[in-house]
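What follows is one structure encoded as structure tokens, with my remarks underneath.
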Amino acid sequence: MTLFFFGPSCVAAIGARTFMSLYMGSGIFANICHVVSTRDPRQPALGASGALNAVVAYSILMNPTMLIVVFAEFIPIPMPAILYGGVFIGRDVAALFDTELTLPFGLGRSFTQGNVAHAAHVGGAVCGAAYFLASRGRGGGSGPWRRLR
């Protein structure tokens, strides 16, 4: 679902080839972050969630005022993308430090338990943000960053 909502705006802004470079490169970087930070060197990492976090971070920085509707406990909550990104990525940052992010309506549900590669999620988001800043947001967006070009 996340790729469905955030992917098309990134592809439209930077093109399919560059998007694939961002997606694959951030996936590799995210897995490296997981391997470096894990307490058990044999703990596997499976999935593309780090790469998805890179796409979310890039998309949110590209257009921070984009309206996102989040359904929390069946209640639709509209919020700007920059706030959503803070909660979305903040949960993983908090869990990385074994801390729970407690927010109303279940937005910061307990995320510290289970086999979740929080370092991979944070690494992917950092990679997406770094790519956005390195490219200075070239490729579109209607947010305040467009003036940086």
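Just so we're on the same page: first chain in the structure tokens is A, next is B, and so on; residues restart at 1 for each chain, and ligands are numbered from 1 in the order they show up.
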
| Got a sec: who's within 12 Å of A:Ala125, counting only C-alpha atoms, leaving out chain neighbours fewer than 6 positions off, as a PyMOL selection string? | chain A and resi 22-23+25-27+29-30+33+49-61+85-86+88-90+92-93+118-119+131-132

| query | Using only C-alpha atoms, which residues sit within 10 Å of A:Ile77 once same-chain residues fewer than 5 positions away are excluded, as a ChimeraX atom specification? | reply | /A:68-72,105

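In this structure, atom CA of A:Gly128 sits 21.4 Å away from atom CA of A:Thr38.
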
| said: Run DSSP on the backbone and tell me which residues of stretch 36-133 of chain A come out as helix (DSSP H, G or I); list them as a ChimeraX atom specification. | reply: /A:36-37,49-62,81-96,104-106,118-133

Please dump the current selection as a PDB file, in the first residue's frame; keep C-alpha atoms.
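result_23.pdb was written with the following content:
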ATOM      1  CA  VAL A  36      25.758  -3.425  11.467  1.00  0.00           C
ATOM      2  CA  SER A  37      23.252  -2.743  14.248  1.00  0.00           C
ATOM      3  CA  SER A  49      10.703  -1.976   4.089  1.00  0.00           C
ATOM      4  CA  GLY A  50      13.944   0.001   4.214  1.00  0.00           C
ATOM      5  CA  ALA A  51      13.580   0.840   0.523  1.00  0.00           C
ATOM      6  CA  LEU A  52       9.931   1.777   1.116  1.00  0.00           C
ATOM      7  CA  ASN A  53      10.985   4.138   3.883  1.00  0.00           C
ATOM      8  CA  ALA A  54      13.388   5.773   1.428  1.00  0.00           C
ATOM      9  CA  VAL A  55      10.520   6.339  -1.022  1.00  0.00           C
ATOM     10  CA  VAL A  56       8.343   7.754   1.778  1.00  0.00           C
ATOM     11  CA  ALA A  57      11.120  10.081   2.955  1.00  0.00           C
ATOM     12  CA  TYR A  58      11.870  11.287  -0.584  1.00  0.00           C
ATOM     13  CA  SER A  59       8.188  11.833  -1.374  1.00  0.00           C
ATOM     14  CA  ILE A  60       7.532  13.698   1.862  1.00  0.00           C
ATOM     15  CA  LEU A  61      10.530  15.980   1.395  1.00  0.00           C
ATOM     16  CA  MET A  62       9.514  16.563  -2.214  1.00  0.00           C
ATOM     17  CA  ALA A  81       2.924  14.694   4.832  1.00  0.00           C
ATOM     18  CA  ILE A  82       5.689  16.123   6.990  1.00  0.00           C
ATOM     19  CA  LEU A  83       3.749  15.270  10.170  1.00  0.00           C
ATOM     20  CA  TYR A  84       2.930  11.795   8.848  1.00  0.00           C
ATOM     21  CA  GLY A  85       6.600  11.273   8.035  1.00  0.00           C
ATOM     22  CA  GLY A  86       7.602  12.306  11.530  1.00  0.00           C
ATOM     23  CA  VAL A  87       5.270   9.700  13.032  1.00  0.00           C
ATOM     24  CA  PHE A  88       6.032   7.030  10.416  1.00  0.00           C
ATOM     25  CA  ILE A  89       9.800   7.282  10.767  1.00  0.00           C
ATOM     26  CA  GLY A  90       9.737   8.408  14.409  1.00  0.00           C
ATOM     27  CA  ARG A  91       8.236   5.070  15.472  1.00  0.00           C
ATOM     28  CA  ASP A  92      11.274   3.265  14.108  1.00  0.00           C
ATOM     29  CA  VAL A  93      13.735   5.735  15.589  1.00  0.00           C
ATOM     30  CA  ALA A  94      12.082   5.347  19.000  1.00  0.00           C
ATOM     31  CA  ALA A  95      12.006   1.548  18.693  1.00  0.00           C
ATOM     32  CA  LEU A  96      15.662   1.538  17.672  1.00  0.00           C
ATOM     33  CA  PRO A 104      -3.380   9.193  20.598  1.00  0.00           C
ATOM     34  CA  PHE A 105      -5.635   6.970  18.454  1.00  0.00           C
ATOM     35  CA  GLY A 106      -3.076   4.176  18.303  1.00  0.00           C
ATOM     36  CA  HIS A 118      14.215  -0.898  12.857  1.00  0.00           C
ATOM     37  CA  ALA A 119      17.757   0.034  11.846  1.00  0.00           C
ATOM     38  CA  ALA A 120      16.925  -0.952   8.259  1.00  0.00           C
ATOM     39  CA  HIS A 121      13.827   1.260   8.320  1.00  0.00           C
ATOM     40  CA  VAL A 122      15.758   4.232   9.687  1.00  0.00           C
ATOM     41  CA  GLY A 123      18.661   3.588   7.295  1.00  0.00           C
ATOM     42  CA  GLY A 124      16.291   3.546   4.338  1.00  0.00           C
ATOM     43  CA  ALA A 125      14.653   6.798   5.424  1.00  0.00           C
ATOM     44  CA  VAL A 126      18.061   8.425   5.873  1.00  0.00           C
ATOM     45  CA  CYS A 127      19.075   7.211   2.409  1.00  0.00           C
ATOM     46  CA  GLY A 128      15.907   8.672   0.837  1.00  0.00           C
ATOM     47  CA  ALA A 129      16.391  11.996   2.613  1.00  0.00           C
ATOM     48  CA  ALA A 130      20.072  12.100   1.658  1.00  0.00           C
ATOM     49  CA  TYR A 131      19.222  11.426  -1.978  1.00  0.00           C
ATOM     50  CA  PHE A 132      16.656  14.211  -1.920  1.00  0.00           C
ATOM     51  CA  LEU A 133      19.132  16.651  -0.387  1.00  0.00           C
TER      52      LEU A 133
END

| query | Which parts of stretch 49-130 of chain A does DSSP call strand (DSSP E or B) when run on the backbone here, written out as a VMD selection string? | reply | chain A and resid 67 to 72 75 to 80

If you keep N, CA, C and O atoms, can you produce a file of those selected residues as a CSV table (one decimal), in the first residue's frame?
chain,number,residue,atom,x,y,z
A,67,LEU,N,-1.5,16.3,1.5
A,67,LEU,CA,-2.4,15.8,2.5
A,67,LEU,C,-2.5,14.3,2.5
A,67,LEU,O,-2.7,13.7,1.4
A,68,ILE,N,-2.3,13.7,3.6
A,68,ILE,CA,-2.4,12.3,3.8
A,68,ILE,C,-3.5,12.0,4.8
A,68,ILE,O,-3.6,12.6,5.8
A,69,VAL,N,-4.4,11.0,4.5
A,69,VAL,CA,-5.4,10.6,5.4
A,69,VAL,C,-5.0,9.3,6.0
A,69,VAL,O,-4.8,8.3,5.2
A,70,VAL,N,-4.9,9.2,7.3
A,70,VAL,CA,-4.5,8.0,8.0
A,70,VAL,C,-5.7,7.5,8.8
A,70,VAL,O,-6.4,8.3,9.4
A,71,PHE,N,-6.0,6.2,8.7
A,71,PHE,CA,-7.1,5.7,9.4
A,71,PHE,C,-6.6,5.0,10.7
A,71,PHE,O,-5.9,4.0,10.6
A,72,ALA,N,-6.8,5.7,11.8
A,72,ALA,CA,-6.4,5.2,13.1
A,72,ALA,C,-7.7,4.8,13.9
A,72,ALA,O,-8.5,5.6,14.2
A,75,ILE,N,-10.9,5.9,12.4
A,75,ILE,CA,-11.2,7.3,12.4
A,75,ILE,C,-10.2,7.9,11.4
A,75,ILE,O,-9.0,7.8,11.5
A,76,PRO,N,-10.8,8.6,10.3
A,76,PRO,CA,-9.9,9.2,9.3
A,76,PRO,C,-9.3,10.5,9.9
A,76,PRO,O,-10.0,11.4,10.4
A,77,ILE,N,-7.9,10.5,9.8
A,77,ILE,CA,-7.2,11.7,10.4
A,77,ILE,C,-6.4,12.3,9.2
A,77,ILE,O,-5.4,11.7,8.8
A,78,PRO,N,-6.8,13.5,8.7
A,78,PRO,CA,-6.0,14.1,7.7
A,78,PRO,C,-4.8,14.8,8.3
A,78,PRO,O,-4.9,15.4,9.4
A,79,MET,N,-3.7,14.7,7.7
A,79,MET,CA,-2.5,15.4,8.2
A,79,MET,C,-1.5,15.7,7.1
A,79,MET,O,-1.5,15.0,6.1
A,80,PRO,N,-0.7,16.8,7.2
A,80,PRO,CA,0.3,17.0,6.2
A,80,PRO,C,1.4,16.0,6.2
A,80,PRO,O,1.6,15.3,7.2

| task | Would you work out the distance separating atom CA of A:Gly15 from atom CA of A:Ser135, expressed in Å to one decimal? | result | 13.2 Å

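The gap separating atom CA of A:Ile28 from atom CA of A:Arg42 is 17.4 Å, in Å to one decimal.
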
| query | Using only C-alpha atoms, which residue out of A:Ala134, A:Phe97, A:Ala48, A:Ile32 lies closest to A:Thr2? | reply | A:Ala48
